[in-house]
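Trainee: Just so it is clear, I am handing over work-v6.cif, which has mmCIF, C-alpha atoms and all ligand atoms.
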```
data_query
loop_
_atom_site.group_PDB
_atom_site.id
_atom_site.type_symbol
_atom_site.label_atom_id
_atom_site.label_comp_id
_atom_site.auth_asym_id
_atom_site.auth_seq_id
_atom_site.Cartn_x
_atom_site.Cartn_y
_atom_site.Cartn_z
ATOM 1 C CA MET S 126 -2.437 -12.925 -16.564
ATOM 2 C CA ARG S 127 -3.870 -9.562 -17.559
ATOM 3 C CA LEU S 128 -3.951 -6.794 -14.990
ATOM 4 C CA GLY S 129 -6.074 -3.656 -15.062
ATOM 5 C CA ILE S 130 -5.331 -0.648 -12.872
ATOM 6 C CA ILE S 131 -8.084 1.888 -12.328
ATOM 7 C CA GLY S 132 -6.813 5.167 -10.914
ATOM 8 C CA THR S 133 -3.147 5.963 -11.467
ATOM 9 C CA GLY S 134 -2.582 8.368 -8.592
ATOM 10 C CA ARG S 135 -0.020 7.733 -5.865
ATOM 11 C CA ILE S 136 -0.802 4.062 -5.248
ATOM 12 C CA GLY S 137 -2.201 2.992 -8.649
ATOM 13 C CA GLY S 138 0.689 4.681 -10.463
ATOM 14 C CA MET S 139 3.168 3.003 -8.142
ATOM 15 C CA LEU S 140 1.546 -0.434 -8.672
ATOM 16 C CA ALA S 141 1.486 0.053 -12.458
ATOM 17 C CA ALA S 142 5.227 0.791 -12.464
ATOM 18 C CA ALA S 143 6.005 -2.034 -10.003
ATOM 19 C CA TYR S 144 4.136 -4.660 -12.055
ATOM 20 C CA ALA S 145 5.520 -3.290 -15.341
ATOM 21 C CA LYS S 146 9.037 -3.769 -13.973
ATOM 22 C CA THR S 147 8.350 -7.498 -13.385
ATOM 23 C CA ARG S 148 7.709 -7.903 -17.162
ATOM 24 C CA LEU S 149 5.354 -10.769 -16.253
ATOM 25 C CA TYR S 150 1.988 -9.206 -16.981
ATOM 26 C CA ASP S 151 0.011 -7.390 -19.661
ATOM 27 C CA LEU S 152 -1.129 -4.178 -18.044
ATOM 28 C CA MET S 153 -3.927 -1.828 -18.946
ATOM 29 C CA ILE S 154 -4.449 1.367 -16.961
ATOM 30 C CA ILE S 155 -6.992 4.171 -16.863
ATOM 31 C CA ASN S 156 -7.258 7.414 -14.930
ATOM 32 C CA ARG S 157 -9.934 10.093 -14.633
ATOM 33 C CA THR S 158 -7.406 12.679 -15.804
ATOM 34 C CA PRO S 159 -5.971 10.843 -18.828
ATOM 35 C CA THR S 160 -2.639 12.699 -18.969
ATOM 36 C CA LYS S 161 -1.614 11.054 -15.673
ATOM 37 C CA ALA S 162 -2.075 7.549 -17.143
ATOM 38 C CA ASP S 163 -0.340 8.599 -20.382
ATOM 39 C CA ALA S 164 2.726 9.759 -18.426
ATOM 40 C CA ILE S 165 3.039 6.364 -16.687
ATOM 41 C CA GLN S 166 2.524 4.506 -19.975
ATOM 42 C CA ARG S 167 5.348 6.486 -21.602
ATOM 43 C CA GLN S 168 7.750 5.195 -18.925
ATOM 44 C CA HIS S 169 6.843 1.540 -19.675
ATOM 45 C CA PRO S 170 5.683 1.546 -23.299
ATOM 46 C CA ALA S 171 6.180 -2.203 -23.867
ATOM 47 C CA GLN S 172 4.288 -3.332 -20.747
ATOM 48 C CA ILE S 173 1.494 -0.787 -20.255
ATOM 49 C CA HIS S 174 -1.455 0.184 -22.428
ATOM 50 C CA VAL S 175 -3.859 2.987 -21.648
ATOM 51 C CA ALA S 176 -7.510 1.972 -21.980
ATOM 52 C CA ASP S 177 -9.633 4.094 -24.295
ATOM 53 C CA ALA S 178 -12.667 3.486 -22.059
ATOM 54 C CA MET S 179 -13.562 1.811 -18.747
ATOM 55 C CA GLU S 180 -15.493 -0.902 -20.626
ATOM 56 C CA THR S 181 -12.319 -1.807 -22.553
ATOM 57 C CA LEU S 182 -10.313 -2.270 -19.362
ATOM 58 C CA ILE S 183 -13.069 -4.299 -17.686
ATOM 59 C CA GLU S 184 -13.274 -6.596 -20.691
ATOM 60 C CA PHE S 185 -9.462 -6.939 -20.843
ATOM 61 C CA ALA S 186 -8.464 -7.665 -17.245
ATOM 62 C CA ASP S 187 -8.478 -10.897 -15.239
ATOM 63 C CA VAL S 188 -7.516 -8.933 -12.118
ATOM 64 C CA LEU S 189 -8.536 -5.309 -11.568
ATOM 65 C CA PHE S 190 -6.818 -3.089 -9.008
ATOM 66 C CA LEU S 191 -9.277 -0.377 -7.990
ATOM 67 C CA CYS S 192 -6.998 2.367 -6.649
ATOM 68 C CA LEU S 193 -9.470 5.147 -5.893
ATOM 69 C CA LYS S 194 -10.382 7.247 -2.866
ATOM 70 C CA SER S 195 -13.360 5.840 -0.966
ATOM 71 C CA THR S 196 -15.977 8.212 -2.454
ATOM 72 C CA ASP S 197 -14.755 7.450 -5.968
ATOM 73 C CA THR S 198 -14.641 3.710 -5.199
ATOM 74 C CA ARG S 199 -18.317 3.755 -4.169
ATOM 75 C CA ALA S 200 -19.261 5.727 -7.293
ATOM 76 C CA TRP S 201 -17.204 3.371 -9.492
ATOM 77 C CA LEU S 202 -18.906 0.294 -8.017
ATOM 78 C CA ARG S 203 -22.344 1.812 -8.674
ATOM 79 C CA GLN S 204 -21.470 2.650 -12.272
ATOM 80 C CA TRP S 205 -19.281 -0.278 -13.345
ATOM 81 C CA GLY S 206 -19.481 -3.079 -10.755
ATOM 82 C CA HIS S 207 -22.224 -4.944 -12.646
ATOM 83 C CA LEU S 208 -20.022 -5.311 -15.760
ATOM 84 C CA LEU S 209 -17.537 -7.631 -14.042
ATOM 85 C CA ASN S 210 -18.105 -11.387 -14.095
ATOM 86 C CA GLU S 211 -17.564 -14.109 -11.484
ATOM 87 C CA ASN S 212 -14.216 -15.165 -12.988
ATOM 88 C CA GLN S 213 -12.646 -11.747 -12.499
ATOM 89 C CA LEU S 214 -10.962 -10.574 -9.333
ATOM 90 C CA LEU S 215 -11.511 -7.018 -8.108
ATOM 91 C CA LEU S 216 -8.896 -5.725 -5.628
ATOM 92 C CA SER S 217 -9.775 -2.510 -3.823
ATOM 93 C CA THR S 218 -7.009 -0.513 -2.161
ATOM 94 C CA SER S 219 -9.392 1.571 -0.062
ATOM 95 C CA SER S 220 -9.460 0.578 3.600
ATOM 96 C CA GLN S 221 -12.684 2.593 3.971
ATOM 97 C CA ILE S 222 -14.706 0.224 1.774
ATOM 98 C CA THR S 223 -15.800 -2.978 3.524
ATOM 99 C CA LEU S 224 -15.547 -6.334 1.784
ATOM 100 C CA HIS S 225 -19.292 -6.620 2.282
ATOM 101 C CA ASP S 226 -19.838 -3.411 0.274
ATOM 102 C CA LEU S 227 -17.408 -4.593 -2.402
ATOM 103 C CA ASP S 228 -19.194 -7.941 -2.721
ATOM 104 C CA ALA S 229 -22.551 -6.190 -2.836
ATOM 105 C CA GLY S 230 -21.325 -4.000 -5.707
ATOM 106 C CA THR S 231 -20.163 -6.674 -8.133
ATOM 107 C CA LEU S 232 -20.508 -10.301 -9.205
ATOM 108 C CA SER S 233 -16.729 -10.710 -9.387
ATOM 109 C CA LEU S 234 -14.489 -12.160 -6.719
ATOM 110 C CA THR S 235 -13.159 -9.443 -4.420
ATOM 111 C CA ALA S 236 -10.383 -8.722 -1.981
ATOM 112 C CA ARG S 237 -8.929 -5.740 -0.218
ATOM 113 C CA VAL S 238 -5.272 -5.032 -0.866
ATOM 114 C CA ILE S 239 -3.342 -2.385 1.038
ATOM 115 C CA PRO S 240 -0.089 -1.654 -0.766
ATOM 116 C CA SER S 241 2.876 0.320 0.495
ATOM 117 C CA VAL S 242 5.047 2.747 -1.432
ATOM 118 C CA THR S 243 7.901 0.305 -0.725
ATOM 119 C CA GLN S 244 6.492 -1.946 -3.446
ATOM 120 C CA HIS S 245 8.020 0.508 -5.904
ATOM 121 C CA ALA S 246 11.285 -1.201 -4.879
ATOM 122 C CA HIS S 247 9.600 -4.653 -4.882
ATOM 123 C CA ALA S 248 9.988 -4.677 -1.104
ATOM 124 C CA GLY S 249 7.976 -4.288 2.083
ATOM 125 C CA ILE S 250 4.693 -5.795 3.237
ATOM 126 C CA ILE S 251 1.585 -5.758 1.037
ATOM 127 C CA LEU S 252 -1.527 -6.464 3.118
ATOM 128 C CA TYR S 253 -4.562 -8.291 1.823
ATOM 129 C CA THR S 254 -7.898 -9.666 2.987
ATOM 130 C CA PRO S 255 -9.774 -12.044 0.673
ATOM 131 C CA GLY S 256 -13.510 -11.487 0.249
ATOM 132 C CA ALA S 257 -16.105 -14.119 1.156
ATOM 133 C CA LYS S 258 -16.489 -15.480 -2.395
ATOM 134 C CA ILE S 259 -12.811 -16.377 -2.829
ATOM 135 C CA ARG S 260 -11.889 -20.077 -2.691
ATOM 136 C CA GLU S 261 -8.509 -21.540 -1.710
ATOM 137 C CA HIS S 262 -6.972 -21.731 -5.198
ATOM 138 C CA THR S 263 -7.767 -18.030 -5.828
ATOM 139 C CA LYS S 264 -6.225 -17.123 -2.455
ATOM 140 C CA VAL S 265 -3.054 -18.905 -3.528
ATOM 141 C CA ALA S 266 -3.077 -17.105 -6.912
ATOM 142 C CA LEU S 267 -3.666 -13.742 -5.199
ATOM 143 C CA HIS S 268 -0.812 -14.372 -2.769
ATOM 144 C CA ARG S 269 1.482 -15.236 -5.685
ATOM 145 C CA LEU S 270 0.443 -12.131 -7.652
ATOM 146 C CA LEU S 271 1.158 -9.869 -4.668
ATOM 147 C CA SER S 272 4.470 -11.616 -3.958
ATOM 148 C CA ARG S 273 5.776 -10.318 -7.305
ATOM 149 C CA VAL S 274 6.007 -6.811 -5.842
ATOM 150 C CA GLY S 275 6.294 -7.293 -2.070
ATOM 151 C CA GLU S 276 5.817 -9.612 0.907
ATOM 152 C CA PRO S 277 2.088 -10.469 1.075
ATOM 153 C CA LEU S 278 0.522 -10.662 4.522
ATOM 154 C CA ALA S 279 -3.077 -11.811 4.975
ATOM 155 C CA ILE S 280 -4.898 -9.958 7.754
ATOM 156 C CA ALA S 281 -8.398 -9.902 9.202
ATOM 157 C CA GLU S 282 -10.530 -7.124 7.755
ATOM 158 C CA ASN S 283 -10.956 -5.360 11.103
ATOM 159 C CA ASP S 284 -7.210 -5.254 11.726
ATOM 160 C CA ALA S 285 -6.529 -3.127 8.642
ATOM 161 C CA ARG S 286 -6.003 0.223 10.414
ATOM 162 C CA ILE S 287 -3.186 -0.761 12.756
ATOM 163 C CA TYR S 288 -1.450 -2.958 10.173
ATOM 164 C CA ALA S 289 -1.701 -0.220 7.510
ATOM 165 C CA ASP S 290 -0.243 2.255 10.017
ATOM 166 C CA MET S 291 2.864 0.071 10.076
ATOM 167 C CA THR S 292 3.118 -0.912 6.405
ATOM 168 C CA SER S 293 1.531 1.902 4.381
ATOM 169 C CA CYS S 294 1.909 4.929 6.646
ATOM 170 C CA GLY S 295 5.119 3.459 8.086
ATOM 171 C CA PRO S 296 7.490 4.625 5.335
ATOM 172 C CA ALA S 297 6.236 8.192 5.759
ATOM 173 C CA PHE S 298 6.411 7.941 9.563
ATOM 174 C CA PHE S 299 9.998 6.650 9.479
ATOM 175 C CA ALA S 300 10.937 9.318 6.918
ATOM 176 C CA THR S 301 9.458 11.991 9.190
ATOM 177 C CA LEU S 302 11.371 10.664 12.217
ATOM 178 C CA ILE S 303 14.624 10.766 10.237
ATOM 179 C CA THR S 304 13.883 14.288 8.995
ATOM 180 C CA GLN S 305 13.156 15.440 12.548
ATOM 181 C CA ALA S 306 16.316 13.824 13.912
ATOM 182 C CA ALA S 307 18.354 15.407 11.122
ATOM 183 C CA ALA S 308 16.822 18.824 11.799
ATOM 184 C CA ALA S 309 17.879 18.526 15.451
ATOM 185 C CA THR S 310 21.507 18.077 14.379
ATOM 186 C CA ALA S 311 21.548 21.642 13.001
ATOM 187 C CA ASP S 312 22.100 22.920 16.574
ATOM 188 C CA LYS S 313 25.235 20.760 16.703
ATOM 189 C CA GLY S 314 26.584 22.139 13.417
ATOM 190 C CA VAL S 315 25.755 19.219 11.058
ATOM 191 C CA PRO S 316 23.793 20.354 7.998
ATOM 192 C CA ALA S 317 20.382 18.641 7.851
ATOM 193 C CA ALA S 318 21.044 17.170 4.371
ATOM 194 C CA THR S 319 24.296 15.569 5.576
ATOM 195 C CA ALA S 320 22.591 14.241 8.686
ATOM 196 C CA GLU S 321 19.710 12.796 6.615
ATOM 197 C CA ALA S 322 22.157 10.941 4.361
ATOM 198 C CA ILE S 323 24.060 9.603 7.386
ATOM 199 C CA LEU S 324 20.901 8.482 9.169
ATOM 200 C CA VAL S 325 19.526 6.766 6.028
ATOM 201 C CA ALA S 326 22.837 4.922 5.524
ATOM 202 C CA THR S 327 22.773 3.881 9.196
ATOM 203 C CA LEU S 328 19.199 2.639 8.831
ATOM 204 C CA ALA S 329 20.126 0.698 5.674
ATOM 205 C CA GLY S 330 23.002 -0.898 7.632
ATOM 206 C CA LEU S 331 20.651 -1.799 10.489
ATOM 207 C CA VAL S 332 18.187 -3.442 8.075
ATOM 208 C CA ARG S 333 20.993 -5.516 6.568
ATOM 209 C CA LEU S 334 22.121 -6.626 10.023
ATOM 210 C CA LEU S 335 18.586 -7.755 10.816
ATOM 211 C CA LYS S 336 17.759 -9.305 7.436
ATOM 212 C CA GLU S 337 21.071 -10.816 6.382
ATOM 213 C CA ASN S 338 23.134 -11.288 9.521
ATOM 214 C CA GLY S 339 20.535 -12.822 11.802
ATOM 215 C CA LEU S 340 20.616 -10.121 14.462
ATOM 216 C CA THR S 341 17.457 -9.264 16.417
ATOM 217 C CA LEU S 342 16.388 -5.781 17.494
ATOM 218 C CA SER S 343 17.214 -6.531 21.123
ATOM 219 C CA GLY S 344 20.529 -8.058 19.996
ATOM 220 C CA VAL S 345 21.447 -4.830 18.222
ATOM 221 C CA ILE S 346 20.551 -2.771 21.304
ATOM 222 C CA GLN S 347 22.660 -5.047 23.516
ATOM 223 C CA GLN S 348 25.610 -4.858 21.132
ATOM 224 C CA VAL S 349 25.572 -1.046 20.918
ATOM 225 C CA ALA S 350 24.491 0.073 24.371
ATOM 226 C CA ALA S 351 27.214 -0.528 26.942
ATOM 227 C CA PRO S 352 25.888 -0.323 30.527
ATOM 228 C CA GLY S 353 26.202 3.263 31.738
ATOM 229 C CA GLY S 354 27.322 4.510 28.302
ATOM 230 C CA VAL S 355 26.013 7.289 26.058
ATOM 231 C CA THR S 356 23.719 5.067 23.956
ATOM 232 C CA GLU S 357 22.049 3.788 27.112
ATOM 233 C CA ALA S 358 21.330 7.367 28.183
ATOM 234 C CA GLY S 359 19.647 8.040 24.818
ATOM 235 C CA ILE S 360 17.678 4.776 24.946
ATOM 236 C CA ALA S 361 16.393 5.602 28.441
ATOM 237 C CA LEU S 362 14.984 8.873 27.127
ATOM 238 C CA LEU S 363 13.404 7.166 24.097
ATOM 239 C CA ARG S 364 11.786 4.552 26.355
ATOM 240 C CA ASP S 365 10.325 7.319 28.517
ATOM 241 C CA GLU S 366 9.006 9.501 25.719
ATOM 242 C CA THR S 367 7.940 7.215 22.857
ATOM 243 C CA PRO S 368 5.165 5.046 24.396
ATOM 244 C CA ARG S 369 2.955 8.143 24.753
ATOM 245 C CA LEU S 370 3.975 9.402 21.314
ATOM 246 C CA PHE S 371 3.146 6.154 19.526
ATOM 247 C CA ALA S 372 -0.100 5.640 21.464
ATOM 248 C CA GLU S 373 -1.162 9.147 20.353
ATOM 249 C CA LEU S 374 0.010 8.545 16.791
ATOM 250 C CA PHE S 375 -2.086 5.371 16.436
ATOM 251 C CA ALA S 376 -5.047 7.146 18.076
ATOM 252 C CA ALA S 377 -4.685 10.046 15.598
ATOM 253 C CA THR S 378 -4.751 7.752 12.538
ATOM 254 C CA GLU S 379 -7.747 5.847 13.942
ATOM 255 C CA ARG S 380 -9.595 9.138 14.592
ATOM 256 C CA ARG S 381 -8.886 10.394 11.058
ATOM 257 C CA HIS S 382 -9.933 7.020 9.608
ATOM 258 C CA GLN S 383 -13.300 7.320 11.397
ATOM 259 C CA GLU S 384 -13.762 10.929 10.226
ATOM 260 C CA ILE S 385 -13.122 9.990 6.586
ATOM 261 C CA ALA S 386 -15.427 6.969 6.881
ATOM 262 C CA ALA S 387 -18.275 9.084 8.326
ATOM 263 C CA PRO S 388 -21.275 9.294 5.930
ATOM 264 C CA ASP S 389 -20.886 13.088 5.507
ATOM 265 C CA ASN S 390 -17.411 12.517 4.055
ATOM 266 C CA ALA S 391 -18.221 9.399 2.054
HETATM 267 N N1 LIG Y 1 -1.123 6.549 -0.907
HETATM 268 C C1 LIG Y 1 -0.845 5.433 -0.224
HETATM 269 O O1 LIG Y 1 0.299 5.208 0.236
HETATM 270 C C2 LIG Y 1 -1.920 4.384 -0.028
HETATM 271 C C3 LIG Y 1 -1.558 3.170 0.570
HETATM 272 C C4 LIG Y 1 -2.525 2.169 0.702
HETATM 273 C C5 LIG Y 1 -3.830 2.388 0.278
HETATM 274 N N2 LIG Y 1 -4.175 3.604 -0.260
HETATM 275 C C6 LIG Y 1 -5.554 3.790 -0.721
HETATM 276 O O2 LIG Y 1 -5.538 3.754 -2.147
HETATM 277 C C7 LIG Y 1 -6.564 4.625 -2.646
HETATM 278 C C8 LIG Y 1 -5.920 5.621 -3.604
HETATM 279 O O3 LIG Y 1 -5.010 6.423 -2.865
HETATM 280 P P1 LIG Y 1 -3.992 7.397 -3.600
HETATM 281 O O4 LIG Y 1 -3.144 7.949 -2.519
HETATM 282 O O5 LIG Y 1 -3.366 6.699 -4.737
HETATM 283 O O6 LIG Y 1 -5.018 8.528 -4.156
HETATM 284 P P2 LIG Y 1 -4.766 9.539 -5.348
HETATM 285 O O7 LIG Y 1 -3.325 9.834 -5.489
HETATM 286 O O8 LIG Y 1 -5.739 10.645 -5.156
HETATM 287 O O9 LIG Y 1 -5.194 8.694 -6.644
HETATM 288 C C9 LIG Y 1 -6.512 8.395 -6.969
HETATM 289 C C10 LIG Y 1 -6.595 8.423 -8.478
HETATM 290 O O10 LIG Y 1 -7.865 7.931 -8.873
HETATM 291 C C11 LIG Y 1 -8.259 8.650 -10.042
HETATM 292 N N3 LIG Y 1 -9.692 8.488 -10.221
HETATM 293 C C12 LIG Y 1 -10.707 8.941 -9.453
HETATM 294 N N4 LIG Y 1 -11.891 8.488 -9.925
HETATM 295 C C13 LIG Y 1 -11.618 7.744 -11.014
HETATM 296 C C14 LIG Y 1 -12.409 7.006 -11.918
HETATM 297 N N5 LIG Y 1 -13.747 6.929 -11.793
HETATM 298 N N6 LIG Y 1 -11.807 6.361 -12.929
HETATM 299 C C15 LIG Y 1 -10.456 6.397 -13.087
HETATM 300 N N7 LIG Y 1 -9.639 7.088 -12.243
HETATM 301 C C16 LIG Y 1 -10.219 7.740 -11.216
HETATM 302 C C17 LIG Y 1 -7.809 10.070 -9.748
HETATM 303 O O11 LIG Y 1 -7.747 10.775 -10.952
HETATM 304 P P3 LIG Y 1 -7.451 12.353 -11.052
HETATM 305 O O12 LIG Y 1 -6.067 12.419 -11.605
HETATM 306 O O13 LIG Y 1 -8.487 12.872 -11.970
HETATM 307 O O14 LIG Y 1 -7.580 12.928 -9.659
HETATM 308 C C18 LIG Y 1 -6.451 9.823 -9.090
HETATM 309 O O15 LIG Y 1 -5.392 9.785 -10.033
HETATM 310 C C19 LIG Y 1 -7.209 5.305 -1.433
HETATM 311 O O16 LIG Y 1 -8.396 4.624 -1.124
HETATM 312 C C20 LIG Y 1 -6.170 5.141 -0.349
HETATM 313 O O17 LIG Y 1 -6.750 5.101 0.928
HETATM 314 C C21 LIG Y 1 -3.239 4.586 -0.454
#
```
Will you turn the file into structure tokens for me?
Mentor:
Amino acid sequence: MRLGIIGTGRIGGMLAAAYAKTRLYDLMIINRTPTKADAIQRQHPAQIHVADAMETLIEFADVLFLCLKSTDTRAWLRQWGHLLNENQLLLSTSSQITLHDLDAGTLSLTARVIPSVTQHAHAGIILYTPGAKIREHTKVALHRLLSRVGEPLAIAENDARIYADMTSCGPAFFATLITQAAAATADKGVPAATAEAILVATLAGLVRLLKENGLTLSGVIQQVAAPGGVTEAGIALLRDETPRLFAELFAATERRHQEIAAPDNA
């Protein structure tokens, strides 16, 4: 299968590298600023080719990942959407562009895919929502394609914000929480860099317990927090403080999503 990646910024560049590492696909990439695509190609010279023009990539690819900001996605659809045919599959990574708008912009099959930076490590959830024109066998093929770099999860189009908060924003949110916790250790005399390394190793251990040793989150809490002990005191504080924090966090991402989607910003 031949993959095209349009836009090799944060997410397109990450997907190009992730698929190149599988060595299963012929990849062609293109970016508005060509040097960015050239730099990615140099890291995977056997797997990745840089397209000399958008028409070349469109002609080459069976599946096209459109990894552009929403304004650029709309402009791209207006300029190039009509060149795709009904056997091609166009995957947009923008959660601002509706499947209806995607379908209106091209004859090809369409779907929305919301990757996560964790796919760089061939891990984590990759969200997707098939467009209306996709039949069952294409859904299966799409699921298989996404499973090469992560754990695909099909979601309803309108659920994208809250799911993307967990999967796509999640790595940055967890990283921020760890950084904040590490910064707080400075008062206790532990350098932040040491604390970050310790917390990351602890998190990696927790993930292994959950993934490989069959423990549940509540099981871990029970095993660590003796009644009346120090962990329980910390957990009580977290249970008091975090519901408001997370409610506000999800409200903030929703608000920003609406602002970006507003016509003035489109
Ligand atoms: N970042 C994430 O973790 C993440 C996760 C899930 C979904 N998304 C979505 O994925 C999309 C891309 O996000 P991003 O963070 O990767 O943005 P980004 O880093 O700004 O990358 C966008 C890239 O698209 C290129 N570009 C713009 N117009 C183009 C065109 N007509 N032809 C070819 N290349 C073009 C830009 O080129 P220049 O080098 O010239 O600027 C830039 O490299 C957004 O819709 C975002 O919401 C992002």
Trainee: To one decimal place, how far is atom C4 of ligand LIG 1 (chain Y) from atom CA of S:Thr341 in Å?
Mentor: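 A separation of 27.9 Å between them.
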Trainee: So what does the PyMOL selection byres (((chain S and resi 265-268) around 10) and not hetatm) actually pick up in this one, as a list in words?
Mentor: Val188, Leu214, Leu216, Ala236, Val238, Ile251, Leu252, Tyr253, Pro255, Ile259, Arg260, Glu261, His262, Thr263, Lys264, Arg269, Leu270, Leu271, Ser272, Arg273, Glu276, Pro277, Leu278 and Ala279 of chain S
Trainee: May I have the residues within 8 Å of ligand LIG 1 (chain Y), computed using all atoms listed in the file, as a PyMOL selection string?
Mentor: chain S and resi 131-138+155-159+161+179+191-195+197-198+200-201+217-221+238-242+289+293-294
Trainee: To one decimal place in Å, what is the distance between atom CA of S:Ala376 and atom CA of S:Asn283?
Mentor: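 Atom-to-atom, atom CA of S:Ala376 and atom CA of S:Asn283 are spaced 15.5 Å apart.
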Trainee: Give the answer as one residue: which of S:Thr196, S:Met139, S:Arg127, S:Asp365 has the shortest atom-to-atom distance to S:His174, using only C-alpha atoms?
Mentor: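 Of all the options, S:Arg127 lies closest to S:His174.
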Trainee: Kindly give the distance, in Å, that separates atom CA of S:Ala329 and atom CA of S:Ala285, rounded to a single decimal.
Mentor: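 Between atom CA of S:Ala329 and atom CA of S:Ala285 the gap is 27.1 Å.
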Trainee: For this structure, which residues satisfy the selection - the PyMOL selection byres (((chain S and resi 369-375) around 12) and not hetatm) - when it is evaluated on the file as given? I want them as a list in words.
Mentor: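 For this structure, the PyMOL selection byres (((chain S and resi 369-375) around 12) and not hetatm) resolves to Arg286, Ile287, Tyr288, Ala289, Asp290, Met291, Cys294, Gly295, Phe298, Leu302, Leu363, Arg364, Asp365, Glu366, Thr367, Pro368, Ala376, Ala377, Thr378, Glu379, Arg380, Arg381 and His382 of chain S.
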Trainee: Just to be explicit: take each residue in the selection above, keep C-alpha atoms, and write the result as a PDB file, in the coordinates of the input.
Mentor:
```
ATOM      1  CA  ARG S 286      -6.003   0.223  10.414  1.00  0.00           C
ATOM      2  CA  ILE S 287      -3.186  -0.761  12.756  1.00  0.00           C
ATOM      3  CA  TYR S 288      -1.450  -2.958  10.173  1.00  0.00           C
ATOM      4  CA  ALA S 289      -1.701  -0.220   7.510  1.00  0.00           C
ATOM      5  CA  ASP S 290      -0.243   2.255  10.017  1.00  0.00           C
ATOM      6  CA  MET S 291       2.864   0.071  10.076  1.00  0.00           C
ATOM      7  CA  CYS S 294       1.909   4.929   6.646  1.00  0.00           C
ATOM      8  CA  GLY S 295       5.119   3.459   8.086  1.00  0.00           C
ATOM      9  CA  PHE S 298       6.411   7.941   9.563  1.00  0.00           C
ATOM     10  CA  LEU S 302      11.371  10.664  12.217  1.00  0.00           C
ATOM     11  CA  LEU S 363      13.404   7.166  24.097  1.00  0.00           C
ATOM     12  CA  ARG S 364      11.786   4.552  26.355  1.00  0.00           C
ATOM     13  CA  ASP S 365      10.325   7.319  28.517  1.00  0.00           C
ATOM     14  CA  GLU S 366       9.006   9.501  25.719  1.00  0.00           C
ATOM     15  CA  THR S 367       7.940   7.215  22.857  1.00  0.00           C
ATOM     16  CA  PRO S 368       5.165   5.046  24.396  1.00  0.00           C
ATOM     17  CA  ALA S 376      -5.047   7.146  18.076  1.00  0.00           C
ATOM     18  CA  ALA S 377      -4.685  10.046  15.598  1.00  0.00           C
ATOM     19  CA  THR S 378      -4.751   7.752  12.538  1.00  0.00           C
ATOM     20  CA  GLU S 379      -7.747   5.847  13.942  1.00  0.00           C
ATOM     21  CA  ARG S 380      -9.595   9.138  14.592  1.00  0.00           C
ATOM     22  CA  ARG S 381      -8.886  10.394  11.058  1.00  0.00           C
ATOM     23  CA  HIS S 382      -9.933   7.020   9.608  1.00  0.00           C
TER      24      HIS S 382
END
```
Trainee: Name the residues in contact with S:Ile346 at a cut-off of 10 Å, using only C-alpha atoms, excluding same-chain residues fewer than 5 positions from it; report them as a list in words.
Mentor: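 So, after excluding close chain neighbours, the residues are Thr341, Ala351, Thr356, Glu357 and Ile360 of chain S.
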Trainee: Would you save the residues from that selection as a PDB file, in the coordinates of the input, using C-alpha atoms?
Mentor:
```
ATOM      1  CA  THR S 341      17.457  -9.264  16.417  1.00  0.00           C
ATOM      2  CA  ALA S 351      27.214  -0.528  26.942  1.00  0.00           C
ATOM      3  CA  THR S 356      23.719   5.067  23.956  1.00  0.00           C
ATOM      4  CA  GLU S 357      22.049   3.788  27.112  1.00  0.00           C
ATOM      5  CA  ILE S 360      17.678   4.776  24.946  1.00  0.00           C
TER       6      ILE S 360
END
```
Trainee: I need the output of the PyMOL selection byres (((chain S and resi 206) around 9) and not hetatm) for this file as a PyMOL selection string; which residues are they?
Mentor: chain S and resi 201-205+207-209+227+230-233
Trainee: Tell me which of S:Leu140, S:Thr254, S:Pro316, S:Leu128 sits closest to S:Val274, counting all atoms listed in the file.
Mentor: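 Among the listed residues, the smallest separation from S:Val274 belongs to S:Leu140.
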Trainee: Could you tell me, as a PyMOL selection string, which residues have any atom at most 10 Å from (17.7, 12.6, 7.3), counting all atoms listed in the file?
Mentor: chain S and resi 299-308+310+316-326
Trainee: Dump C-alpha atoms for the selected residues as a short mmCIF file (atom, residue, chain, number, x, y, z; two decimals), in the frame of the given file?
Mentor:
```cif
data_model
loop_
_atom_site.label_atom_id
_atom_site.label_comp_id
_atom_site.auth_asym_id
_atom_site.auth_seq_id
_atom_site.Cartn_x
_atom_site.Cartn_y
_atom_site.Cartn_z
CA PHE S 299 10.00 6.65 9.48
CA ALA S 300 10.94 9.32 6.92
CA THR S 301 9.46 11.99 9.19
CA LEU S 302 11.37 10.66 12.22
CA ILE S 303 14.62 10.77 10.24
CA THR S 304 13.88 14.29 8.99
CA GLN S 305 13.16 15.44 12.55
CA ALA S 306 16.32 13.82 13.91
CA ALA S 307 18.35 15.41 11.12
CA ALA S 308 16.82 18.82 11.80
CA THR S 310 21.51 18.08 14.38
CA PRO S 316 23.79 20.35 8.00
CA ALA S 317 20.38 18.64 7.85
CA ALA S 318 21.04 17.17 4.37
CA THR S 319 24.30 15.57 5.58
CA ALA S 320 22.59 14.24 8.69
CA GLU S 321 19.71 12.80 6.62
CA ALA S 322 22.16 10.94 4.36
CA ILE S 323 24.06 9.60 7.39
CA LEU S 324 20.90 8.48 9.17
CA VAL S 325 19.53 6.77 6.03
CA ALA S 326 22.84 4.92 5.52
#
```
Trainee: Counting all atoms listed in the file, which of S:Arg167, S:His247, S:His225, S:Lys313 gets nearest to S:Thr147?
Mentor: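 Distance minimum relative to S:Thr147 lands on S:His247.
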Trainee: Measuring between all atoms listed in the file, which one of S:Leu215, S:Leu149, S:Ala386, S:Gly129 shows the shortest distance to S:Glu180?
Mentor: S:Gly129
Trainee: For each of S:Thr181, S:Ala246, S:Asp226, S:Leu331, take the minimum atom-to-atom distance to S:Gly344, counting all atoms listed in the file, then give the residue where this is smallest.
Mentor: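 For S:Gly344, the nearest of the candidates is S:Leu331.
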